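Structure data (mmCIF, C-alpha atoms and all ligand atoms) from run23.cif:
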data_work
#
loop_
_atom_site.label_atom_id
_atom_site.label_comp_id
_atom_site.auth_asym_id
_atom_site.auth_seq_id
_atom_site.Cartn_x
_atom_site.Cartn_y
_atom_site.Cartn_z
CA MET A 1 76.21 229.70 180.35
CA LEU A 2 76.78 231.09 183.84
CA HIS A 3 78.56 234.09 182.36
CA PHE A 4 75.64 234.72 180.08
CA VAL A 5 73.09 234.57 182.91
CA ALA A 6 75.18 236.87 185.09
CA ALA A 7 75.59 239.35 182.25
CA LEU A 8 71.88 239.29 181.56
CA ALA A 9 71.10 239.91 185.24
CA ALA A 10 73.53 242.83 185.32
CA ALA A 11 72.08 244.35 182.15
CA THR A 12 68.55 243.97 183.47
CA SER A 13 69.31 245.64 186.78
CA MET A 14 71.03 248.52 185.01
CA LEU A 15 67.77 249.13 183.21
CA GLY A 16 66.04 249.16 186.56
CA LEU A 17 63.83 246.21 185.59
CA ALA A 18 65.07 243.71 188.14
CA ALA A 19 62.12 244.08 190.48
CA ALA A 20 59.63 243.48 187.71
CA GLU A 21 61.40 240.37 186.47
CA PRO A 22 60.36 236.93 187.69
CA ALA A 23 62.82 235.58 190.23
CA LYS A 24 63.82 232.77 187.92
CA ARG A 25 64.76 233.03 184.32
CA GLN A 26 63.96 230.66 181.58
CA SER A 27 66.68 228.05 181.33
CA ALA A 28 68.57 227.46 178.15
CA PHE A 29 69.52 223.83 177.52
CA PRO A 30 71.24 222.11 179.23
CA SER A 31 71.36 224.39 182.28
CA LEU A 32 73.44 221.82 184.16
CA PRO A 33 74.44 220.84 186.72
CA PHE A 34 71.17 219.80 188.25
CA ASN A 35 70.72 219.75 192.00
CA VAL A 36 68.05 218.35 194.24
CA GLU A 37 65.82 220.57 196.38
CA GLY A 38 63.36 218.56 198.43
CA PRO A 39 61.33 216.46 196.01
CA ASN A 40 62.44 218.45 192.97
CA ILE A 41 65.27 218.39 190.50
CA VAL A 42 66.34 221.97 189.84
CA ASP A 43 68.54 223.22 187.04
CA SER A 44 71.42 225.67 187.34
CA ALA A 45 69.00 228.61 187.08
CA GLY A 46 66.92 227.23 189.95
CA ASN A 47 64.00 226.09 187.83
CA THR A 48 62.32 222.77 188.51
CA VAL A 49 63.05 220.18 185.84
CA LYS A 50 61.28 216.92 185.18
CA TYR A 51 62.13 213.97 183.00
CA ALA A 52 59.98 212.42 180.29
CA GLY A 53 61.78 209.81 178.29
CA THR A 54 62.58 206.30 177.25
CA ASN A 55 65.21 203.64 177.78
CA TRP A 56 67.79 203.13 175.06
CA PRO A 57 69.79 200.06 176.04
CA GLY A 58 73.45 199.52 175.20
CA HIS A 59 74.21 196.75 177.67
CA GLY A 60 73.64 193.80 175.31
CA GLU A 61 76.42 191.59 173.95
CA VAL A 62 77.70 194.15 171.44
CA MET A 63 77.84 196.72 174.24
CA ILE A 64 76.79 199.67 172.13
CA PRO A 65 73.27 201.17 171.97
CA GLU A 66 70.78 199.14 169.94
CA GLY A 67 69.22 199.79 166.57
CA LEU A 68 72.01 201.43 164.62
CA GLN A 69 71.74 198.75 161.88
CA TYR A 70 68.26 200.10 161.12
CA LYS A 71 68.45 203.84 161.63
CA SER A 72 70.76 206.78 162.11
CA VAL A 73 71.50 208.09 165.59
CA GLU A 74 70.02 211.46 164.61
CA ASN A 75 66.76 209.99 163.36
CA ILE A 76 66.27 207.83 166.44
CA LEU A 77 66.77 210.88 168.64
CA ALA A 78 64.48 213.00 166.46
CA ASP A 79 61.76 210.36 166.82
CA ILE A 80 62.20 210.36 170.61
CA LYS A 81 62.04 214.15 170.56
CA SER A 82 58.88 214.02 168.45
CA VAL A 83 57.12 212.29 171.36
CA GLY A 84 57.96 215.37 173.44
CA MET A 85 60.62 213.60 175.47
CA ASN A 86 63.65 215.28 177.03
CA VAL A 87 65.75 212.39 178.34
CA ILE A 88 67.10 208.95 177.47
CA ARG A 89 68.12 206.36 180.03
CA LEU A 90 71.21 205.10 178.25
CA THR A 91 72.42 201.79 179.63
CA PHE A 92 75.85 200.16 179.71
CA ALA A 93 77.49 197.00 181.02
CA ILE A 94 80.40 196.99 183.49
CA GLU A 95 82.03 194.42 181.19
CA LEU A 96 82.62 197.24 178.70
CA VAL A 97 84.94 198.90 181.21
CA ASP A 98 86.47 195.60 182.38
CA GLN A 99 87.52 194.94 178.78
CA ILE A 100 89.09 198.39 178.50
CA TYR A 101 91.18 197.69 181.60
CA ALA A 102 92.07 194.21 180.34
CA ASN A 103 93.11 195.73 177.03
CA GLY A 104 95.68 198.14 178.47
CA GLY A 105 93.26 201.05 178.62
CA GLU A 106 92.06 200.74 175.06
CA ASP A 107 88.44 200.21 174.10
CA VAL A 108 87.31 197.54 171.64
CA ASP A 109 86.34 198.68 168.14
CA ILE A 110 82.85 198.00 166.83
CA GLY A 111 84.14 195.75 164.03
CA THR A 112 85.45 193.40 166.69
CA ALA A 113 82.47 193.91 168.99
CA PHE A 114 79.92 192.88 166.34
CA VAL A 115 81.86 189.80 165.27
CA GLU A 116 82.36 188.68 168.88
CA ALA A 117 78.68 189.15 169.68
CA LEU A 118 77.08 187.87 166.45
CA GLY A 119 79.71 185.68 164.83
CA GLN A 120 81.88 186.36 161.79
CA GLU A 121 79.19 186.22 159.15
CA ASN A 122 76.33 188.01 160.88
CA GLY A 123 78.59 190.38 162.77
CA THR A 124 80.14 191.54 159.52
CA ALA A 125 76.75 191.92 157.84
CA VAL A 126 75.14 193.80 160.72
CA LEU A 127 78.14 196.09 161.06
CA ALA A 128 77.83 196.89 157.34
CA ASP A 129 74.22 197.93 157.94
CA VAL A 130 75.27 200.05 160.91
CA LEU A 131 77.81 201.83 158.73
CA THR A 132 75.24 202.36 155.97
CA PHE A 133 72.87 204.17 158.31
CA ASN A 134 75.62 205.77 160.35
CA PRO A 135 78.46 206.57 157.95
CA GLN A 136 80.20 208.69 160.59
CA PHE A 137 81.37 205.37 162.11
CA THR A 138 83.86 202.86 160.73
CA ALA A 139 84.80 199.33 161.80
CA SER A 140 87.57 200.84 163.89
CA THR A 141 85.31 203.25 165.81
CA LYS A 142 85.51 202.38 169.50
CA ARG A 143 82.41 201.46 171.46
CA LEU A 144 82.64 204.48 173.75
CA GLU A 145 83.03 206.69 170.70
CA VAL A 146 79.59 205.46 169.67
CA TYR A 147 78.28 206.47 173.10
CA ASP A 148 80.04 209.83 172.76
CA TYR A 149 78.44 210.42 169.39
CA ILE A 150 74.96 209.52 170.60
CA VAL A 151 75.30 211.74 173.65
CA GLU A 152 76.46 214.71 171.61
CA ALA A 153 73.70 214.18 169.06
CA ALA A 154 71.24 214.06 171.96
CA ALA A 155 72.61 217.37 173.26
CA GLU A 156 72.02 218.90 169.84
CA GLN A 157 68.38 217.85 170.12
CA GLU A 158 68.18 219.06 173.74
CA ILE A 159 67.85 215.62 175.24
CA TYR A 160 69.40 214.83 178.62
CA ILE A 161 71.28 211.65 179.45
CA ASN A 162 70.56 209.50 182.48
CA LEU A 163 73.42 207.02 182.28
CA ASP A 164 72.51 203.66 183.79
CA ASN A 165 74.67 200.74 184.80
CA HIS A 166 72.28 198.01 183.84
CA ILE A 167 74.26 194.82 184.44
CA SER A 168 77.83 193.60 184.86
CA SER A 169 78.14 191.13 181.96
CA GLY A 170 77.04 192.39 178.57
CA GLU A 171 73.76 190.56 178.03
CA TRP A 172 70.00 190.74 178.53
CA CYS A 173 68.94 191.62 182.05
CA CYS A 174 67.45 190.55 184.52
CA SER A 175 66.69 187.25 186.16
CA ALA A 176 67.27 185.57 189.51
CA THR A 177 69.73 183.16 187.86
CA ASP A 178 71.76 185.38 185.53
CA GLY A 179 74.73 185.76 187.87
CA ASN A 180 74.29 189.55 187.96
CA THR A 181 71.78 189.79 190.77
CA TRP A 182 73.74 191.07 193.77
CA TRP A 183 77.30 191.75 194.90
CA GLY A 184 79.32 188.56 194.89
CA ASP A 185 77.12 186.79 192.35
CA THR A 186 78.98 184.96 189.56
CA HIS A 187 79.38 188.02 187.31
CA PHE A 188 78.82 190.80 189.84
CA ASN A 189 82.24 191.67 191.21
CA ALA A 190 81.87 194.53 193.71
CA ASP A 191 85.27 196.10 193.00
CA ASN A 192 84.88 195.95 189.23
CA TRP A 193 81.48 197.53 189.62
CA VAL A 194 82.78 200.56 191.53
CA ARG A 195 85.72 200.85 189.13
CA GLY A 196 83.38 200.72 186.15
CA LEU A 197 81.04 203.33 187.57
CA ALA A 198 83.91 205.68 188.35
CA TYR A 199 85.34 205.17 184.87
CA MET A 200 82.06 206.03 183.17
CA ALA A 201 81.38 208.97 185.50
CA GLU A 202 84.81 210.36 184.70
CA HIS A 203 84.32 209.68 180.99
CA GLY A 204 80.97 211.47 181.18
CA ARG A 205 82.56 214.71 182.33
CA SER A 206 82.96 215.60 178.67
CA TRP A 207 79.25 214.98 177.99
CA SER A 208 77.54 218.39 178.13
CA ASN A 209 74.09 216.88 178.73
CA LEU A 210 74.89 214.12 181.26
CA ALA A 211 72.46 215.00 184.03
CA SER A 212 72.15 211.88 186.17
CA PHE A 213 73.77 208.52 186.79
CA SER A 214 71.97 205.38 187.97
CA LEU A 215 74.27 203.17 190.03
CA ARG A 216 72.66 199.82 189.17
CA ASN A 217 69.57 198.41 187.62
CA GLU A 218 67.25 196.08 189.56
CA PHE A 219 68.99 194.52 192.53
CA ARG A 220 67.40 191.13 193.16
CA GLU A 221 67.74 187.98 195.17
CA PRO A 222 69.58 185.15 193.41
CA SER A 223 67.63 181.89 193.39
CA ASN A 224 70.68 179.73 192.65
CA ASN A 225 73.39 181.08 194.95
CA PRO A 226 72.78 180.47 198.68
CA ALA A 227 75.94 182.23 199.86
CA VAL A 228 75.06 185.42 198.02
CA ARG A 229 71.43 185.02 198.96
CA ALA A 230 72.41 185.16 202.62
CA THR A 231 73.71 188.72 202.10
CA TYR A 232 70.65 189.96 200.25
CA ASN A 233 69.48 192.67 202.65
CA TRP A 234 69.38 196.43 203.14
CA GLN A 235 72.45 196.51 205.34
CA THR A 236 74.59 195.02 202.57
CA TRP A 237 72.93 197.32 200.08
CA TYR A 238 73.82 200.43 202.06
CA GLY A 239 77.50 199.61 202.37
CA HIS A 240 77.97 199.10 198.65
CA VAL A 241 75.71 201.93 197.56
CA LYS A 242 77.51 204.46 199.76
CA GLU A 243 80.86 203.39 198.34
CA ALA A 244 79.62 203.60 194.74
CA ALA A 245 77.83 206.91 195.18
CA ILE A 246 80.95 208.48 196.64
CA ALA A 247 83.08 207.06 193.81
CA VAL A 248 80.74 208.47 191.17
CA ASN A 249 80.58 211.84 192.89
CA GLU A 250 84.37 212.02 193.18
CA ALA A 251 84.75 211.18 189.49
CA ASN A 252 82.01 213.57 188.43
CA PRO A 253 80.84 216.01 191.12
CA ASP A 254 78.15 217.57 188.88
CA VAL A 255 76.04 214.55 188.11
CA LEU A 256 72.92 213.53 190.06
CA VAL A 257 73.34 210.11 191.65
CA VAL A 258 70.31 207.87 191.29
CA LEU A 259 69.81 205.17 193.94
CA SER A 260 67.80 202.05 193.17
CA GLY A 261 66.27 199.51 195.49
CA LEU A 262 65.60 195.86 196.10
CA ASN A 263 63.25 193.36 194.53
CA TYR A 264 63.97 194.51 190.96
CA ASP A 265 63.95 198.13 192.12
CA THR A 266 60.36 198.06 193.27
CA THR A 267 61.11 199.16 196.83
CA MET A 268 63.13 201.84 198.55
CA GLN A 269 60.83 201.84 201.53
CA PRO A 270 63.29 201.77 204.47
CA VAL A 271 65.35 204.49 202.81
CA VAL A 272 62.35 206.74 202.36
CA ARG A 273 60.84 206.01 205.76
CA GLY A 274 64.13 206.15 207.62
CA THR A 275 63.61 202.75 209.20
CA ALA A 276 66.36 200.26 210.03
CA LEU A 277 68.44 198.93 207.16
CA THR A 278 68.05 195.38 208.32
CA PRO A 279 69.42 193.15 209.67
CA GLY A 280 71.40 196.07 211.15
CA SER A 281 69.88 198.99 213.00
CA GLU A 282 71.54 201.79 211.05
CA THR A 283 69.21 204.07 209.08
CA PHE A 284 69.75 205.90 205.82
CA SER A 285 71.33 209.32 206.32
CA LYS A 286 72.17 211.89 203.68
CA ASP A 287 75.11 212.82 205.91
CA ASP A 288 76.71 209.58 204.74
CA PHE A 289 77.06 211.25 201.32
CA PRO A 290 79.32 214.12 202.35
CA GLY A 291 79.28 217.18 200.14
CA PHE A 292 76.67 215.84 197.75
CA GLN A 293 73.52 215.46 199.80
CA ASN A 294 71.91 217.67 197.15
CA LYS A 295 72.76 215.22 194.35
CA LEU A 296 70.78 212.20 195.55
CA MET A 297 67.56 210.96 194.05
CA ILE A 298 65.83 207.62 193.73
CA GLU A 299 64.40 205.49 190.98
CA LEU A 300 61.73 202.82 191.00
CA HIS A 301 60.42 200.34 188.45
CA ASN A 302 56.93 199.03 187.96
CA TYR A 303 55.67 196.21 185.79
CA GLN A 304 52.28 195.42 187.32
CA GLY A 305 50.72 195.15 183.90
CA THR A 306 47.86 193.05 185.19
CA ALA A 307 46.66 195.77 187.58
CA THR A 308 42.89 196.15 187.68
CA ASP A 309 42.66 199.11 190.04
CA CYS A 310 44.54 202.37 189.55
CA ASN A 311 44.49 203.40 193.20
CA ALA A 312 45.93 200.05 194.25
CA LEU A 313 48.59 200.22 191.53
CA TRP A 314 49.63 203.73 192.49
CA GLY A 315 49.43 202.83 196.20
CA GLY A 316 52.04 200.14 195.65
CA ILE A 317 54.40 202.54 193.90
CA TYR A 318 53.80 205.15 196.60
CA ASN A 319 54.52 202.74 199.43
CA GLY A 320 57.52 201.38 197.55
CA GLY A 321 59.09 204.82 197.69
CA ALA A 322 57.23 207.41 195.63
CA GLN A 323 56.08 208.85 198.94
CA ALA A 324 59.57 210.41 199.06
CA MET A 325 58.00 213.08 196.84
CA ASN A 326 55.63 213.97 199.70
CA PRO A 327 57.36 215.74 202.60
CA ASN A 328 54.01 216.11 204.38
CA GLU A 329 53.48 212.40 204.78
CA ALA A 330 54.07 211.46 208.42
CA SER A 331 56.04 208.34 207.54
CA THR A 332 58.33 210.13 205.05
CA ALA A 333 61.69 210.65 206.77
CA ASN A 334 63.80 211.27 203.66
CA VAL A 335 62.56 213.42 200.81
CA PHE A 336 63.92 212.89 197.31
CA PRO A 337 62.89 213.34 193.71
CA VAL A 338 61.59 209.98 192.51
CA ILE A 339 61.79 208.90 188.90
CA ILE A 340 60.11 205.80 187.48
CA THR A 341 62.90 204.63 185.21
CA GLU A 342 61.10 201.56 183.92
CA PHE A 343 57.52 200.68 183.13
CA GLY A 344 56.19 199.20 179.96
CA PHE A 345 53.97 196.65 178.31
CA ASP A 346 53.32 194.71 175.13
CA MET A 347 52.65 197.22 172.36
CA THR A 348 51.09 194.68 170.01
CA ASN A 349 47.66 194.43 171.60
CA GLN A 350 45.11 196.57 173.47
CA ASN A 351 47.18 196.85 176.66
CA TYR A 352 47.72 200.53 176.00
CA GLN A 353 44.04 201.12 176.78
CA GLY A 354 44.10 199.05 179.97
CA VAL A 355 44.26 200.08 183.62
CA TYR A 356 48.04 199.83 183.89
CA ALA A 357 48.94 202.07 180.93
CA THR A 358 46.19 204.61 181.50
CA CYS A 359 46.78 204.78 185.27
CA LEU A 360 50.49 205.44 184.89
CA GLY A 361 49.65 207.88 182.12
CA GLU A 362 47.52 209.76 184.60
CA ARG A 363 49.68 209.52 187.75
CA LEU A 364 53.31 209.73 186.65
CA PRO A 365 53.27 213.26 185.21
CA GLU A 366 51.86 214.82 188.38
CA ASN A 367 53.30 212.65 191.12
CA THR A 368 56.90 211.95 190.16
CA ALA A 369 59.99 213.86 189.08
CA GLY A 370 59.90 211.97 185.83
CA TRP A 371 59.74 208.63 184.05
CA MET A 372 61.29 206.60 181.26
CA ILE A 373 59.32 203.94 179.44
CA TRP A 374 60.86 200.56 178.65
CA VAL A 375 61.81 200.56 175.75
CA VAL A 376 62.48 202.43 172.50
CA VAL A 377 64.04 199.32 170.89
CA GLY A 378 62.19 197.64 168.03
CA SER A 379 64.64 194.73 167.94
CA TYR A 380 67.96 193.85 169.55
CA TYR A 381 71.22 192.97 167.80
CA THR A 382 70.90 189.81 169.88
CA ARG A 383 69.02 188.88 173.02
CA GLN A 384 68.97 185.63 174.98
CA GLY A 385 70.72 183.82 172.15
CA ILE A 386 68.41 185.03 169.39
CA GLN A 387 69.82 187.47 166.87
CA ASP A 388 67.66 190.30 165.55
CA TYR A 389 65.30 189.62 168.44
CA ASP A 390 61.91 191.27 168.00
CA GLU A 391 60.87 193.42 170.98
CA ALA A 392 57.09 193.32 171.35
CA TRP A 393 57.33 195.95 174.09
CA GLY A 394 59.30 198.31 171.89
CA LEU A 395 58.10 201.75 170.91
CA TYR A 396 59.50 201.04 167.46
CA ASP A 397 58.49 198.25 165.12
CA HIS A 398 61.05 195.59 164.26
CA THR A 399 63.02 197.67 161.78
CA TRP A 400 62.85 200.89 163.81
CA SER A 401 60.94 202.49 160.95
CA ALA A 402 57.60 203.36 162.57
CA TRP A 403 55.98 203.24 165.99
CA ARG A 404 54.75 199.77 166.82
CA ASN A 405 51.65 201.24 168.41
CA PRO A 406 51.14 204.71 166.93
CA ALA A 407 47.83 205.16 168.75
CA TYR A 408 49.63 204.93 172.09
CA VAL A 409 52.83 206.75 171.21
CA ASN A 410 51.14 209.65 169.41
CA GLY A 411 48.32 209.62 171.95
CA LEU A 412 48.74 208.94 175.64
CA LEU A 413 52.53 208.73 175.65
CA SER A 414 52.90 212.10 173.93
CA GLU A 415 50.32 213.56 176.30
CA MET A 416 52.30 212.19 179.25
CA SER A 417 55.42 213.97 178.00
CA GLU A 418 53.53 217.18 177.49
CA ARG A 419 51.92 217.13 180.94
CA THR A 420 55.17 216.15 182.64
CA LEU A 421 57.20 218.91 181.06
CA ALA A 422 54.49 221.60 181.10
C1 LIG A 501 72.49 185.07 161.43
O1 LIG A 501 71.46 185.88 160.89
C2 LIG A 501 70.41 185.15 160.29
C3 LIG A 501 69.50 186.15 159.61
O2 LIG A 501 69.14 187.19 160.47
C4 LIG A 501 69.72 184.31 161.34
O3 LIG A 501 68.69 183.57 160.77
C5 LIG A 501 70.74 183.39 161.99
O4 LIG A 501 70.12 182.69 163.04
C6 LIG A 501 71.91 184.19 162.52
N1 LIG A 501 72.94 183.30 163.00
C7 LIG A 501 73.13 183.09 164.30
C8 LIG A 501 74.33 182.24 164.64
O5 LIG A 501 72.42 183.54 165.18
#

This entry written out as structure tokens:
Amino acid sequence: MLHFVAALAAATSMLGLAAAEPAKRQSAFPSLPFNVEGPNIVDSAGNTVKYAGTNWPGHGEVMIPEGLQYKSVENILADIKSVGMNVIRLTFAIELVDQIYANGGEDVDIGTAFVEALGQENGTAVLADVLTFNPQFTASTKRLEVYDYIVEAAAEQEIYINLDNHISSGEWCCSATDGNTWWGDTHFNADNWVRGLAYMAEHGRSWSNLASFSLRNEFREPSNNPAVRATYNWQTWYGHVKEAAIAVNEANPDVLVVLSGLNYDTTMQPVVRGTALTPGSETFSKDDFPGFQNKLMIELHNYQGTATDCNALWGGIYNGGAQAMNPNEASTANVFPVIITEFGFDMTNQNYQGVYATCLGERLPENTAGWMIWVVVGSYYTRQGIQDYDEAWGLYDHTWSAWRNPAYVNGLLSEMSERTLA
């Protein structure tokens, strides 16, 4: 790609056209690596890039991306593309990597993964459906080979990957009692976390369209673990996040590193405002991320579905950290691209016409570096103990065969993609 651009520039200047050319050339996908310039993500040609996309979870009990028992990888991606989207937030569990280490470096095959997650009878039946729709796989295909396949198929459809560590144990996320809330919680081992991130970042070096890497989904305060609760603060956060960001960057220097905040990733305020990371007095400094200050961005989530006032809703997101997009704001000390990596609502009623959906539809394209709606999934292999769990918030219907709410997906959501990527 770089060779091609250089050759093109040389040819153009030989023709004496360089002065008449725009400074920046159109980027050909994927135009990676991305870097960060102020509040913008820029591609390798220097053009600003934004994200419009959806979450595609793979962190459930089976620990591969959902829905493959109902549809082919290619058709799911084509549907996402048809909404005008250019990215998927692909999630994984640290347990996936823990099992690889426990298994002498070898990943678990999907035949085993389905039976362990769903039981002998249902696991076998669901796997058979997966193989019907996705005959490129067999029972002995490894879980990461499924990820590899999805990522490559996404590249073919010019869709970027934002890889996201969603949880440590492979299961539905997130609650204050799930043992995955914060470092030291029952299932959230700090060392395994960094090891897992580094493993996936290294693995992702072969993914041509891996653009960004989210360190962890939705830090939160545990309600059932007083010892861990006592360490729930920004000072603790900074120590672990620095270590993980450096580990990811060392394993994969090209990828953007996405930092997420407290209270279910609804606030990054002290980071953005440069105020004390309490209870300490240290403040966030990009110098603490040596050599990759230009790879850092932040993500926020919002689920204020009951909002009645758009300005108040957006004000909350802005104060939570979206002000990092605004270098002119007096209280903004640290400028970053901000992506809203989760928002969503029940697709089965009129919510899509309410304040929340329409307000985010209006504000996110102009005021962020991108967004990913929760969630493409029509149903999960299993969730919270219920197999074939119907996802009312899903873009797809139960069997992943049509949009659950076509009026929203073909209407406002498609318009959001178009305005974001225009
Ligand atoms: C197995 O699948 C059937 C049909 O989807 C379901 O009714 C049943 O609850 C599943 N078994 C378990 C153990 O979840």

For Val87 (chain A), find every residue with an atom within 10 Å (counting only C-alpha atoms), except residues of its own chain fewer than 4 positions away, and show them as number ranges by chain. A: 50-55, 77, 80-81, 154-155, 158-162, 209-211, 370-372

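Distances from A:Met416, A:Ile386, A:Ile340, A:Met325 to ligand LIG 501 (chain A) were compared using all atoms listed in the file, and the smallest one belongs to A:Ile386.
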
Give me, as CSV, the closest atom pair and its distance (Å, one decimal) for every residue of chain A within a cut-off of 10 Å of ligand LIG 501 (chain A), counting all atoms listed in the file, rows sorted by chain and rising number.
residue,atom,partner,partner_atom,distance
A:Ala117,CA,A:LIG501,O5,9.5
A:Leu118,CA,A:LIG501,O5,6.5
A:Gly119,CA,A:LIG501,C8,6.4
A:Gln120,CA,A:LIG501,C8,9.1
A:Glu121,CA,A:LIG501,C1,7.2
A:Asn122,CA,A:LIG501,C1,4.9
A:Gly123,CA,A:LIG501,C1,8.2
A:Ala125,CA,A:LIG501,O1,8.6
A:Val126,CA,A:LIG501,O1,8.7
A:Tyr381,CA,A:LIG501,O2,9.6
A:Thr382,CA,A:LIG501,O5,8.0
A:Gly385,CA,A:LIG501,O5,7.2
A:Ile386,CA,A:LIG501,O5,6.0
A:Gln387,CA,A:LIG501,O5,5.0
A:Asp388,CA,A:LIG501,O2,6.1
A:Tyr389,CA,A:LIG501,O2,9.2

Selection from above, C-alpha atoms, as a JSON list (two decimals), in the frame of the given file, can you write it?
[["chain", "number", "residue", "atom", "x", "y", "z"],
["A", 117, "ALA", "CA", 78.68, 189.15, 169.68],
["A", 118, "LEU", "CA", 77.08, 187.87, 166.45],
["A", 119, "GLY", "CA", 79.71, 185.68, 164.83],
["A", 120, "GLN", "CA", 81.88, 186.36, 161.79],
["A", 121, "GLU", "CA", 79.19, 186.22, 159.15],
["A", 122, "ASN", "CA", 76.33, 188.01, 160.88],
["A", 123, "GLY", "CA", 78.59, 190.38, 162.77],
["A", 125, "ALA", "CA", 76.75, 191.92, 157.84],
["A", 126, "VAL", "CA", 75.14, 193.80, 160.72],
["A", 381, "TYR", "CA", 71.22, 192.97, 167.80],
["A", 382, "THR", "CA", 70.90, 189.81, 169.88],
["A", 385, "GLY", "CA", 70.72, 183.82, 172.15],
["A", 386, "ILE", "CA", 68.41, 185.03, 169.39],
["A", 387, "GLN", "CA", 69.82, 187.47, 166.87],
["A", 388, "ASP", "CA", 67.66, 190.30, 165.55],
["A", 389, "TYR", "CA", 65.30, 189.62, 168.44]]

At a cut-off of 9 Å from (67.0, 217.2, 197.6) in the coordinates of the file, what residues are picked up using all atoms listed in the file, written as a ChimeraX atom specification? /A:35-41,293-297,335-337

Show me, as an MDAnalysis selection string, the residues that have an atom within 12 Å of region 198-203 of chain A when counting all atoms listed in the file, minus same-chain residues fewer than 6 positions from it. chainID A and resid 90:98 100:101 105 144:145 147:148 151 162:165 191:192 210:215 243:257

List as a PyMOL selection string the protein and nucleic acid residues near Cys359 (chain A), meaning an atom at most 12 Å away when only C-alpha atoms are counted, but skip any in the same chain fewer than 6 places from it. chain A and resi 302+304-315+317+343+351-353+365-367+412-413+416

Quote the spacing between CA of Arg143 (chain A) and CA of Val108 (chain A) in Å to one decimal place.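 CA of Val108 (chain A) lies at a distance of 6.3 Å from CA of Arg143 (chain A).
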
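Residue nearest Asn410 (chain A) within the list A:Met268, A:Met85, A:Ala176, A:Ala128: A:Met85 [criterion: smallest interatomic distance, all atoms listed in the file].
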
Separation of CA of Trp183 (chain A) from CA of Ser379 (chain A) in Å: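 Computing it gives 29.9 Å between the two atoms.
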
CA of Ile298 (chain A) and CA of Val258 (chain A) are how many Å apart? 5.1 Å

Thr236 (chain A) environment, 9 Å, all atoms listed in the file, sequence neighbours closer than 3 positions dropped, as a VMD selection string: chain A and resid 183 231 to 233 239 to 241 277 to 279

Which one of A:Gln269, A:Ile64, A:Gly46, A:Pro327 sits closest to Ala28 (chain A) if you count all atoms listed in the file?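 Closest to Ala28 (chain A) of all the choices is A:Gly46.
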
Across A:Thr266, A:Asn319, A:Thr141, A:Ser417, the smallest distance to Asn86 (chain A), with only C-alpha atoms counted, is shown by A:Ser417

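Contact shell of Val228 (chain A) at 10 Å (only C-alpha atoms; same-chain neighbours under 4 positions omitted): Thr181, Trp182, Trp183, Gly184, Asp185, Thr186, Glu221, Pro222, Ser223, Asn224 and Tyr232 of chain A.
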
Output file for the residues above (C-alpha atoms, as a PDB file, in the coordinates of the input):
ATOM      1  CA  THR A 181      71.780 189.790 190.770  1.00  0.00           C
ATOM      2  CA  TRP A 182      73.740 191.070 193.770  1.00  0.00           C
ATOM      3  CA  TRP A 183      77.300 191.750 194.900  1.00  0.00           C
ATOM      4  CA  GLY A 184      79.320 188.560 194.890  1.00  0.00           C
ATOM      5  CA  ASP A 185      77.120 186.790 192.350  1.00  0.00           C
ATOM      6  CA  THR A 186      78.980 184.960 189.560  1.00  0.00           C
ATOM      7  CA  GLU A 221      67.740 187.980 195.170  1.00  0.00           C
ATOM      8  CA  PRO A 222      69.580 185.150 193.410  1.00  0.00           C
ATOM      9  CA  SER A 223      67.630 181.890 193.390  1.00  0.00           C
ATOM     10  CA  ASN A 224      70.680 179.730 192.650  1.00  0.00           C
ATOM     11  CA  TYR A 232      70.650 189.960 200.250  1.00  0.00           C
TER      12      TYR A 232
END
